[in-house]
Amino acid sequence: MNLGNPALVLLLGILTLPIAGCGGGSSGGNATDTPGATENTLLPERPALESSYLSIDEESEVFLAVDFNGSSFQGSASETGTASNITIVADDEGVYLHTPSVDAPRTVELFLTFTNENSTFREPISVHVRNTSAETLEKRTRQTIDDSASLLRLEQDLTLYHFAVDTAYLNGVIKHSEKSRLIEDFVPEHSLAYSLLDSKLSELETTYSDYHQGHATDVELNQLVQHIDVLARDHGAYGVEKLMSISHFSEIFAPTLTAGTLSFSEQAGFFSRFVGNPVYGDWHGQTFQLKPPYNMITSLLRTSLSQDVLCDAI
């Protein structure tokens, strides 16, 4: 063969090239067939908490079921990095949470930490701690806030005052001009305690909101409530004074309307000079019943939260 022919040399070179795609392949081969290659490793499953939100009484214990999925509990930490004072202990089925005593409702954001082989899992959980020791104080605060308008306006005394003046007018004892003057003369805002009481009632509402956000304590709340009790007593003296000024009218239908001091009735849930005062009636179970001399004005004397007091008696 004559290898000096350039065309023949080129033809031989082409014939000796590997044929791709026909079984020749590359020298590297398939990676999955290479000795020593590893298969894909499955990652550990995350632990599964029964709930990510709990509402618990203070100084109590609650169990939270956890599907550990092979992990082990390592501990907990507050989201903010501050101490939460909530103790968490694990067993085979989940974790027990022990809550501390609190001075206001608290919501704590926590991370529960679990490990599985080389993996670490941080599971978020929100724990609301109820300030159960202050439930009575909270109820009292809500009732005071809800009834604050009636307290400021001295609605009970105002109703009786209007009724006495209207009765005197309808019976010809006074003229219309005198009736108008007397009605206009009852102005609760003229009470010396009115402005400060109004301010403290507004402060109570703000503090109660702060309390539920953990920014105020039950001690602060109680101090405000006690201060309002004193101011309410002083404010109520104005109503007594106005009723005394027309007692010669009111004695026609009731022996006295000026006995007692305006104070909060825990049983009734509002401020009153009448409810709980033995001069006017007695408790029969959960009901305050007025004595017979006040039968004529039973509808005007508020004895329960559900009873509305209207200023215009007639």
# chains A, B, ... in the order shown; residues from 1 in each chain; ligands from 1
>>> select_by_dssp(residues="segment 42-156 of chain A", states="helix (DSSP H, G or I)", output="number ranges by chain")
A: 132-146, 148-153, 155-156
>>> write_last_selection(atoms="N, CA and C atoms", output="short mmCIF file (atom, residue, chain, number, x, y, z; two decimals), in the first residue's frame")
data_model
loop_
_atom_site.label_atom_id
_atom_site.label_comp_id
_atom_site.auth_asym_id
_atom_site.auth_seq_id
_atom_site.Cartn_x
_atom_site.Cartn_y
_atom_site.Cartn_z
N THR A 132 -54.46 34.31 86.24
CA THR A 132 -55.71 33.86 86.86
C THR A 132 -55.91 34.43 88.26
N SER A 133 -54.85 34.79 88.96
CA SER A 133 -54.98 35.34 90.31
C SER A 133 -55.64 36.72 90.29
N ALA A 134 -55.71 37.34 89.13
CA ALA A 134 -56.28 38.70 89.03
C ALA A 134 -57.63 38.70 88.29
N GLU A 135 -58.27 37.53 88.19
CA GLU A 135 -59.54 37.45 87.46
C GLU A 135 -60.62 38.36 88.05
N THR A 136 -60.70 38.40 89.39
CA THR A 136 -61.70 39.26 90.04
C THR A 136 -61.41 40.73 89.76
N LEU A 137 -60.14 41.10 89.80
CA LEU A 137 -59.74 42.48 89.50
C LEU A 137 -60.05 42.83 88.05
N GLU A 138 -59.79 41.91 87.14
CA GLU A 138 -60.08 42.14 85.73
C GLU A 138 -61.57 42.36 85.50
N LYS A 139 -62.39 41.54 86.13
CA LYS A 139 -63.84 41.67 86.00
C LYS A 139 -64.30 43.02 86.51
N ARG A 140 -63.79 43.40 87.68
CA ARG A 140 -64.14 44.69 88.28
C ARG A 140 -63.73 45.84 87.36
N THR A 141 -62.56 45.73 86.77
CA THR A 141 -62.06 46.78 85.88
C THR A 141 -62.95 46.92 84.65
N ARG A 142 -63.30 45.79 84.04
CA ARG A 142 -64.17 45.83 82.86
C ARG A 142 -65.52 46.46 83.19
N GLN A 143 -66.08 46.09 84.33
CA GLN A 143 -67.38 46.64 84.71
C GLN A 143 -67.30 48.14 84.96
N THR A 144 -66.23 48.59 85.56
CA THR A 144 -66.06 50.02 85.81
C THR A 144 -65.93 50.79 84.50
N ILE A 145 -65.14 50.24 83.58
CA ILE A 145 -64.97 50.89 82.27
C ILE A 145 -66.30 50.93 81.51
N ASP A 146 -67.02 49.80 81.51
CA ASP A 146 -68.28 49.72 80.78
C ASP A 146 -69.33 50.68 81.33
N SER A 148 -68.66 53.56 82.99
CA SER A 148 -68.04 54.84 83.33
C SER A 148 -68.91 56.04 82.95
N ALA A 149 -69.63 55.96 81.82
CA ALA A 149 -70.49 57.08 81.41
C ALA A 149 -71.60 57.31 82.42
N SER A 150 -72.22 56.23 82.89
CA SER A 150 -73.28 56.34 83.89
C SER A 150 -72.76 56.92 85.19
N LEU A 151 -71.55 56.50 85.58
CA LEU A 151 -70.94 57.01 86.80
C LEU A 151 -70.67 58.51 86.70
N LEU A 152 -70.08 58.94 85.61
CA LEU A 152 -69.76 60.36 85.44
C LEU A 152 -71.02 61.22 85.42
N ARG A 153 -72.07 60.72 84.78
CA ARG A 153 -73.31 61.48 84.66
C ARG A 153 -74.18 61.37 85.91
N GLU A 155 -76.19 59.03 86.70
CA GLU A 155 -77.49 58.79 86.07
C GLU A 155 -78.58 58.37 87.05
N GLN A 156 -78.21 57.58 88.08
CA GLN A 156 -79.24 57.17 89.02
C GLN A 156 -79.82 58.37 89.77
#
>>> residues_around(residues="His128 of chain A", least_positions_apart="4", cutoff="6 Å", atoms="only C-alpha atoms", output="MDAnalysis selection string")
chainID A and resid 55 106:107
>>> write_last_selection(atoms="all heavy atoms", output="compact mmCIF listing (two decimals), in the first residue's frame")
# COMPACT_ATOMS: atom_id res chain seq x y z
N SER A 55 -52.59 28.33 75.50
CA SER A 55 -53.04 29.32 76.48
C SER A 55 -53.17 28.60 77.81
O SER A 55 -53.97 27.67 77.96
CB SER A 55 -54.38 29.92 76.06
OG SER A 55 -54.76 30.95 76.96
N ARG A 106 -49.22 37.21 79.89
CA ARG A 106 -47.96 37.22 79.14
C ARG A 106 -48.05 36.29 77.95
O ARG A 106 -48.57 35.18 78.06
CB ARG A 106 -46.79 36.75 80.02
CG ARG A 106 -46.62 37.51 81.32
CD ARG A 106 -46.01 38.87 81.12
NE ARG A 106 -45.86 39.57 82.39
CZ ARG A 106 -45.46 40.83 82.50
NH1 ARG A 106 -45.16 41.50 81.41
NH2 ARG A 106 -45.36 41.39 83.68
N THR A 107 -47.54 36.73 76.82
CA THR A 107 -47.40 35.87 75.65
C THR A 107 -45.91 35.74 75.35
O THR A 107 -45.24 36.74 75.11
CB THR A 107 -48.14 36.43 74.42
OG1 THR A 107 -49.54 36.52 74.73
CG2 THR A 107 -47.96 35.51 73.22
>>> residues_around(residues="Val187 of chain A", least_positions_apart="5", cutoff="10 Å", atoms="only C-alpha atoms", output="NGL selection string")
:A and (153-154 or 158 or 238-239 or 242)
>>> write_last_selection(atoms="all heavy atoms", output="PDB file, in the first residue's frame")
ATOM      1  N   ARG A 153     -72.067  60.721  84.782  1.00  0.00           N
ATOM      2  CA  ARG A 153     -73.312  61.483  84.664  1.00  0.00           C
ATOM      3  C   ARG A 153     -74.185  61.375  85.910  1.00  0.00           C
ATOM      4  O   ARG A 153     -75.199  62.061  86.013  1.00  0.00           O
ATOM      5  CB  ARG A 153     -74.106  60.985  83.447  1.00  0.00           C
ATOM      6  CG  ARG A 153     -73.535  61.432  82.112  1.00  0.00           C
ATOM      7  CD  ARG A 153     -74.227  60.713  80.955  1.00  0.00           C
ATOM      8  NE  ARG A 153     -75.677  60.794  81.035  1.00  0.00           N
ATOM      9  CZ  ARG A 153     -76.409  61.852  80.646  1.00  0.00           C
ATOM     10  NH1 ARG A 153     -75.803  62.926  80.153  1.00  0.00           N
ATOM     11  NH2 ARG A 153     -77.732  61.832  80.736  1.00  0.00           N
ATOM     12  N   LEU A 154     -73.817  60.531  86.859  1.00  0.00           N
ATOM     13  CA  LEU A 154     -74.622  60.282  88.053  1.00  0.00           C
ATOM     14  C   LEU A 154     -76.064  59.971  87.640  1.00  0.00           C
ATOM     15  O   LEU A 154     -77.034  60.546  88.144  1.00  0.00           O
ATOM     16  CB  LEU A 154     -74.584  61.498  88.993  1.00  0.00           C
ATOM     17  CG  LEU A 154     -73.236  61.796  89.644  1.00  0.00           C
ATOM     18  CD1 LEU A 154     -73.291  63.115  90.408  1.00  0.00           C
ATOM     19  CD2 LEU A 154     -72.827  60.662  90.589  1.00  0.00           C
ATOM     20  N   LEU A 158     -79.624  61.476  88.872  1.00  0.00           N
ATOM     21  CA  LEU A 158     -80.236  62.372  87.897  1.00  0.00           C
ATOM     22  C   LEU A 158     -81.660  61.931  87.561  1.00  0.00           C
ATOM     23  O   LEU A 158     -82.569  62.760  87.459  1.00  0.00           O
ATOM     24  CB  LEU A 158     -79.384  62.412  86.622  1.00  0.00           C
ATOM     25  CG  LEU A 158     -79.852  63.340  85.505  1.00  0.00           C
ATOM     26  CD1 LEU A 158     -79.889  64.781  85.979  1.00  0.00           C
ATOM     27  CD2 LEU A 158     -78.958  63.196  84.282  1.00  0.00           C
ATOM     28  N   TYR A 238     -72.148  65.013  95.179  1.00  0.00           N
ATOM     29  CA  TYR A 238     -72.833  66.067  94.426  1.00  0.00           C
ATOM     30  C   TYR A 238     -74.289  65.663  94.172  1.00  0.00           C
ATOM     31  O   TYR A 238     -75.212  66.480  94.331  1.00  0.00           O
ATOM     32  CB  TYR A 238     -72.117  66.329  93.099  1.00  0.00           C
ATOM     33  CG  TYR A 238     -72.817  67.347  92.224  1.00  0.00           C
ATOM     34  CD1 TYR A 238     -72.568  68.709  92.370  1.00  0.00           C
ATOM     35  CD2 TYR A 238     -73.740  66.948  91.256  1.00  0.00           C
ATOM     36  CE1 TYR A 238     -73.216  69.650  91.579  1.00  0.00           C
ATOM     37  CE2 TYR A 238     -74.398  67.879  90.464  1.00  0.00           C
ATOM     38  CZ  TYR A 238     -74.130  69.224  90.622  1.00  0.00           C
ATOM     39  OH  TYR A 238     -74.790  70.149  89.837  1.00  0.00           O
ATOM     40  N   GLY A 239     -74.510  64.407  93.777  1.00  0.00           N
ATOM     41  CA  GLY A 239     -75.867  63.931  93.530  1.00  0.00           C
ATOM     42  C   GLY A 239     -76.720  63.981  94.782  1.00  0.00           C
ATOM     43  O   GLY A 239     -77.906  64.366  94.735  1.00  0.00           O
ATOM     44  N   LYS A 242     -77.787  67.567  95.466  1.00  0.00           N
ATOM     45  CA  LYS A 242     -78.865  68.045  94.605  1.00  0.00           C
ATOM     46  C   LYS A 242     -80.207  67.430  95.010  1.00  0.00           C
ATOM     47  O   LYS A 242     -81.253  68.099  94.983  1.00  0.00           O
ATOM     48  CB  LYS A 242     -78.562  67.727  93.141  1.00  0.00           C
ATOM     49  CG  LYS A 242     -77.272  68.305  92.608  1.00  0.00           C
ATOM     50  CD  LYS A 242     -77.094  69.785  92.917  1.00  0.00           C
ATOM     51  CE  LYS A 242     -78.083  70.677  92.188  1.00  0.00           C
ATOM     52  NZ  LYS A 242     -77.817  72.123  92.442  1.00  0.00           N
TER      53      LYS A 242
END
>>> residues_around(residues="Thr99 of chain A", least_positions_apart="2", cutoff="12 Å", atoms="only C-alpha atoms", output="ChimeraX atom specification")
/A:54-63,84-89,96-97,101-102,105-108,127-132
>>> write_last_selection(atoms="C-alpha atoms", output="PDB file, in the first residue's frame")
ATOM      1  CA  LEU A  54     -51.011  27.253  73.988  1.00  0.00           C
ATOM      2  CA  SER A  55     -53.037  29.322  76.480  1.00  0.00           C
ATOM      3  CA  ILE A  56     -52.206  28.264  80.041  1.00  0.00           C
ATOM      4  CA  ASP A  57     -53.084  29.431  83.566  1.00  0.00           C
ATOM      5  CA  GLU A  58     -50.223  30.792  85.630  1.00  0.00           C
ATOM      6  CA  GLU A  59     -48.521  28.340  88.002  1.00  0.00           C
ATOM      7  CA  SER A  60     -49.839  25.308  86.156  1.00  0.00           C
ATOM      8  CA  GLU A  61     -48.656  22.465  83.947  1.00  0.00           C
ATOM      9  CA  VAL A  62     -49.833  21.356  80.510  1.00  0.00           C
ATOM     10  CA  PHE A  63     -48.730  18.496  78.263  1.00  0.00           C
ATOM     11  CA  SER A  84     -39.210  33.209  79.848  1.00  0.00           C
ATOM     12  CA  ASN A  85     -39.396  31.408  83.239  1.00  0.00           C
ATOM     13  CA  ILE A  86     -41.379  28.649  81.536  1.00  0.00           C
ATOM     14  CA  THR A  87     -39.898  25.261  82.410  1.00  0.00           C
ATOM     15  CA  ILE A  88     -40.093  22.569  79.708  1.00  0.00           C
ATOM     16  CA  VAL A  89     -39.407  18.892  80.380  1.00  0.00           C
ATOM     17  CA  TYR A  96     -44.538  19.268  79.791  1.00  0.00           C
ATOM     18  CA  LEU A  97     -44.695  23.057  80.165  1.00  0.00           C
ATOM     19  CA  SER A 101     -46.690  33.224  88.530  1.00  0.00           C
ATOM     20  CA  VAL A 102     -47.293  36.407  86.507  1.00  0.00           C
ATOM     21  CA  PRO A 105     -51.124  38.203  81.008  1.00  0.00           C
ATOM     22  CA  ARG A 106     -47.959  37.221  79.144  1.00  0.00           C
ATOM     23  CA  THR A 107     -47.403  35.867  75.653  1.00  0.00           C
ATOM     24  CA  VAL A 108     -43.985  34.248  75.239  1.00  0.00           C
ATOM     25  CA  VAL A 127     -47.402  30.402  74.953  1.00  0.00           C
ATOM     26  CA  HIS A 128     -50.030  32.718  76.461  1.00  0.00           C
ATOM     27  CA  VAL A 129     -49.920  32.723  80.282  1.00  0.00           C
ATOM     28  CA  ARG A 130     -53.174  33.840  81.919  1.00  0.00           C
ATOM     29  CA  ASN A 131     -53.008  35.904  85.117  1.00  0.00           C
ATOM     30  CA  THR A 132     -55.707  33.857  86.863  1.00  0.00           C
TER      31      THR A 132
END
>>> closest_residue(among="A:Glu79, A:Asp210, A:Glu123, A:Asp166", to="Lys179 of chain A", atoms="only C-alpha atoms")
A:Asp166
>>> residues_around(residues="Ala268 of chain A", least_positions_apart="2", cutoff="10 Å", atoms="only C-alpha atoms", output="PDB file with N, CA, C and O atoms, in the first residue's frame")
ATOM      1  N   GLN A 143     -66.077  46.090  84.330  1.00  0.00           N
ATOM      2  CA  GLN A 143     -67.382  46.636  84.709  1.00  0.00           C
ATOM      3  C   GLN A 143     -67.302  48.143  84.955  1.00  0.00           C
ATOM      4  O   GLN A 143     -68.215  48.887  84.581  1.00  0.00           O
ATOM      5  N   PHE A 264     -68.905  50.938  94.776  1.00  0.00           N
ATOM      6  CA  PHE A 264     -69.046  49.840  93.826  1.00  0.00           C
ATOM      7  C   PHE A 264     -69.603  48.614  94.524  1.00  0.00           C
ATOM      8  O   PHE A 264     -69.095  48.182  95.556  1.00  0.00           O
ATOM      9  N   SER A 265     -70.648  48.044  93.947  1.00  0.00           N
ATOM     10  CA  SER A 265     -71.227  46.805  94.471  1.00  0.00           C
ATOM     11  C   SER A 265     -70.661  45.626  93.694  1.00  0.00           C
ATOM     12  O   SER A 265     -70.912  45.486  92.500  1.00  0.00           O
ATOM     13  N   GLU A 266     -69.877  44.789  94.355  1.00  0.00           N
ATOM     14  CA  GLU A 266     -69.307  43.614  93.706  1.00  0.00           C
ATOM     15  C   GLU A 266     -70.409  42.680  93.222  1.00  0.00           C
ATOM     16  O   GLU A 266     -70.303  42.067  92.160  1.00  0.00           O
ATOM     17  N   PHE A 270     -71.814  47.409  89.596  1.00  0.00           N
ATOM     18  CA  PHE A 270     -71.792  48.828  89.227  1.00  0.00           C
ATOM     19  C   PHE A 270     -71.820  49.690  90.494  1.00  0.00           C
ATOM     20  O   PHE A 270     -72.035  49.192  91.601  1.00  0.00           O
ATOM     21  N   PHE A 271     -71.611  51.006  90.318  1.00  0.00           N
ATOM     22  CA  PHE A 271     -71.622  51.940  91.443  1.00  0.00           C
ATOM     23  C   PHE A 271     -73.068  52.295  91.802  1.00  0.00           C
ATOM     24  O   PHE A 271     -73.892  52.570  90.927  1.00  0.00           O
ATOM     25  N   SER A 272     -73.346  52.299  93.107  1.00  0.00           N
ATOM     26  CA  SER A 272     -74.698  52.616  93.549  1.00  0.00           C
ATOM     27  C   SER A 272     -74.698  53.040  95.016  1.00  0.00           C
ATOM     28  O   SER A 272     -73.846  52.607  95.795  1.00  0.00           O
ATOM     29  N   VAL A 275     -78.149  49.838  95.926  1.00  0.00           N
ATOM     30  CA  VAL A 275     -77.959  48.384  95.945  1.00  0.00           C
ATOM     31  C   VAL A 275     -77.018  47.997  97.091  1.00  0.00           C
ATOM     32  O   VAL A 275     -75.909  48.524  97.209  1.00  0.00           O
ATOM     33  N   GLY A 276     -77.498  47.105  97.945  1.00  0.00           N
ATOM     34  CA  GLY A 276     -76.713  46.666  99.090  1.00  0.00           C
ATOM     35  C   GLY A 276     -76.923  47.504 100.333  1.00  0.00           C
ATOM     36  O   GLY A 276     -76.454  47.141 101.415  1.00  0.00           O
ATOM     37  N   GLN A 286     -79.209  36.200  94.520  1.00  0.00           N
ATOM     38  CA  GLN A 286     -78.497  37.118  93.633  1.00  0.00           C
ATOM     39  C   GLN A 286     -79.338  38.343  93.267  1.00  0.00           C
ATOM     40  O   GLN A 286     -78.930  39.157  92.442  1.00  0.00           O
ATOM     41  N   THR A 287     -80.500  38.485  93.905  1.00  0.00           N
ATOM     42  CA  THR A 287     -81.412  39.581  93.578  1.00  0.00           C
ATOM     43  C   THR A 287     -81.546  40.557  94.743  1.00  0.00           C
ATOM     44  O   THR A 287     -81.768  40.140  95.895  1.00  0.00           O
ATOM     45  N   PHE A 288     -81.421  41.842  94.460  1.00  0.00           N
ATOM     46  CA  PHE A 288     -81.623  42.859  95.485  1.00  0.00           C
ATOM     47  C   PHE A 288     -83.062  43.347  95.383  1.00  0.00           C
ATOM     48  O   PHE A 288     -83.478  43.909  94.367  1.00  0.00           O
ATOM     49  N   ARG A 302     -82.084  51.365  89.888  1.00  0.00           N
ATOM     50  CA  ARG A 302     -81.325  50.317  89.202  1.00  0.00           C
ATOM     51  C   ARG A 302     -80.793  49.299  90.203  1.00  0.00           C
ATOM     52  O   ARG A 302     -80.041  49.645  91.117  1.00  0.00           O
ATOM     53  N   THR A 303     -81.183  48.048  89.999  1.00  0.00           N
ATOM     54  CA  THR A 303     -80.738  46.985  90.906  1.00  0.00           C
ATOM     55  C   THR A 303     -79.963  45.878  90.192  1.00  0.00           C
ATOM     56  O   THR A 303     -79.502  44.944  90.837  1.00  0.00           O
ATOM     57  N   SER A 304     -79.826  45.969  88.863  1.00  0.00           N
ATOM     58  CA  SER A 304     -79.072  44.949  88.125  1.00  0.00           C
ATOM     59  C   SER A 304     -78.423  45.583  86.882  1.00  0.00           C
ATOM     60  O   SER A 304     -78.836  46.653  86.430  1.00  0.00           O
ATOM     61  N   LEU A 305     -77.396  44.903  86.383  1.00  0.00           N
ATOM     62  CA  LEU A 305     -76.679  45.405  85.200  1.00  0.00           C
ATOM     63  C   LEU A 305     -77.574  45.491  83.968  1.00  0.00           C
ATOM     64  O   LEU A 305     -77.363  46.345  83.103  1.00  0.00           O
ATOM     65  N   SER A 306     -78.554  44.626  83.885  1.00  0.00           N
ATOM     66  CA  SER A 306     -79.401  44.582  82.696  1.00  0.00           C
ATOM     67  C   SER A 306     -80.462  45.676  82.675  1.00  0.00           C
ATOM     68  O   SER A 306     -81.127  45.889  81.678  1.00  0.00           O
TER      69      SER A 306
END
>>> atom_distance(atom1="atom CA of Pro255 of chain A", atom2="atom CA of Pro278 of chain A")
13.7 Å
>>> residues_around(residues="Arg233 of chain A", least_positions_apart="3", cutoff="8 Å", atoms="only C-alpha atoms", output="ChimeraX atom specification")
/A:229-230,236-237,261-263
>>> write_last_selection(atoms="N, CA and C atoms", output="PDB file, in the first residue's frame")
ATOM      1  N   ASP A 229     -62.463  54.526  93.232  1.00  0.00           N
ATOM      2  CA  ASP A 229     -63.449  54.323  94.297  1.00  0.00           C
ATOM      3  C   ASP A 229     -63.575  55.575  95.169  1.00  0.00           C
ATOM      4  N   VAL A 230     -62.437  56.160  95.513  1.00  0.00           N
ATOM      5  CA  VAL A 230     -62.438  57.370  96.353  1.00  0.00           C
ATOM      6  C   VAL A 230     -63.068  58.542  95.606  1.00  0.00           C
ATOM      7  N   GLY A 236     -70.174  61.321  93.991  1.00  0.00           N
ATOM      8  CA  GLY A 236     -71.543  60.972  94.366  1.00  0.00           C
ATOM      9  C   GLY A 236     -72.139  61.943  95.368  1.00  0.00           C
ATOM     10  N   ALA A 237     -71.283  62.611  96.135  1.00  0.00           N
ATOM     11  CA  ALA A 237     -71.786  63.587  97.118  1.00  0.00           C
ATOM     12  C   ALA A 237     -72.522  64.728  96.427  1.00  0.00           C
ATOM     13  N   THR A 261     -73.517  56.083 100.566  1.00  0.00           N
ATOM     14  CA  THR A 261     -72.391  56.667  99.825  1.00  0.00           C
ATOM     15  C   THR A 261     -72.220  55.916  98.518  1.00  0.00           C
ATOM     16  N   LEU A 262     -71.971  56.633  97.447  1.00  0.00           N
ATOM     17  CA  LEU A 262     -71.783  55.990  96.143  1.00  0.00           C
ATOM     18  C   LEU A 262     -70.550  55.092  96.188  1.00  0.00           C
ATOM     19  N   SER A 263     -70.768  53.807  95.996  1.00  0.00           N
ATOM     20  CA  SER A 263     -69.661  52.843  96.031  1.00  0.00           C
ATOM     21  C   SER A 263     -69.948  51.701  95.074  1.00  0.00           C
TER      22      SER A 263
END
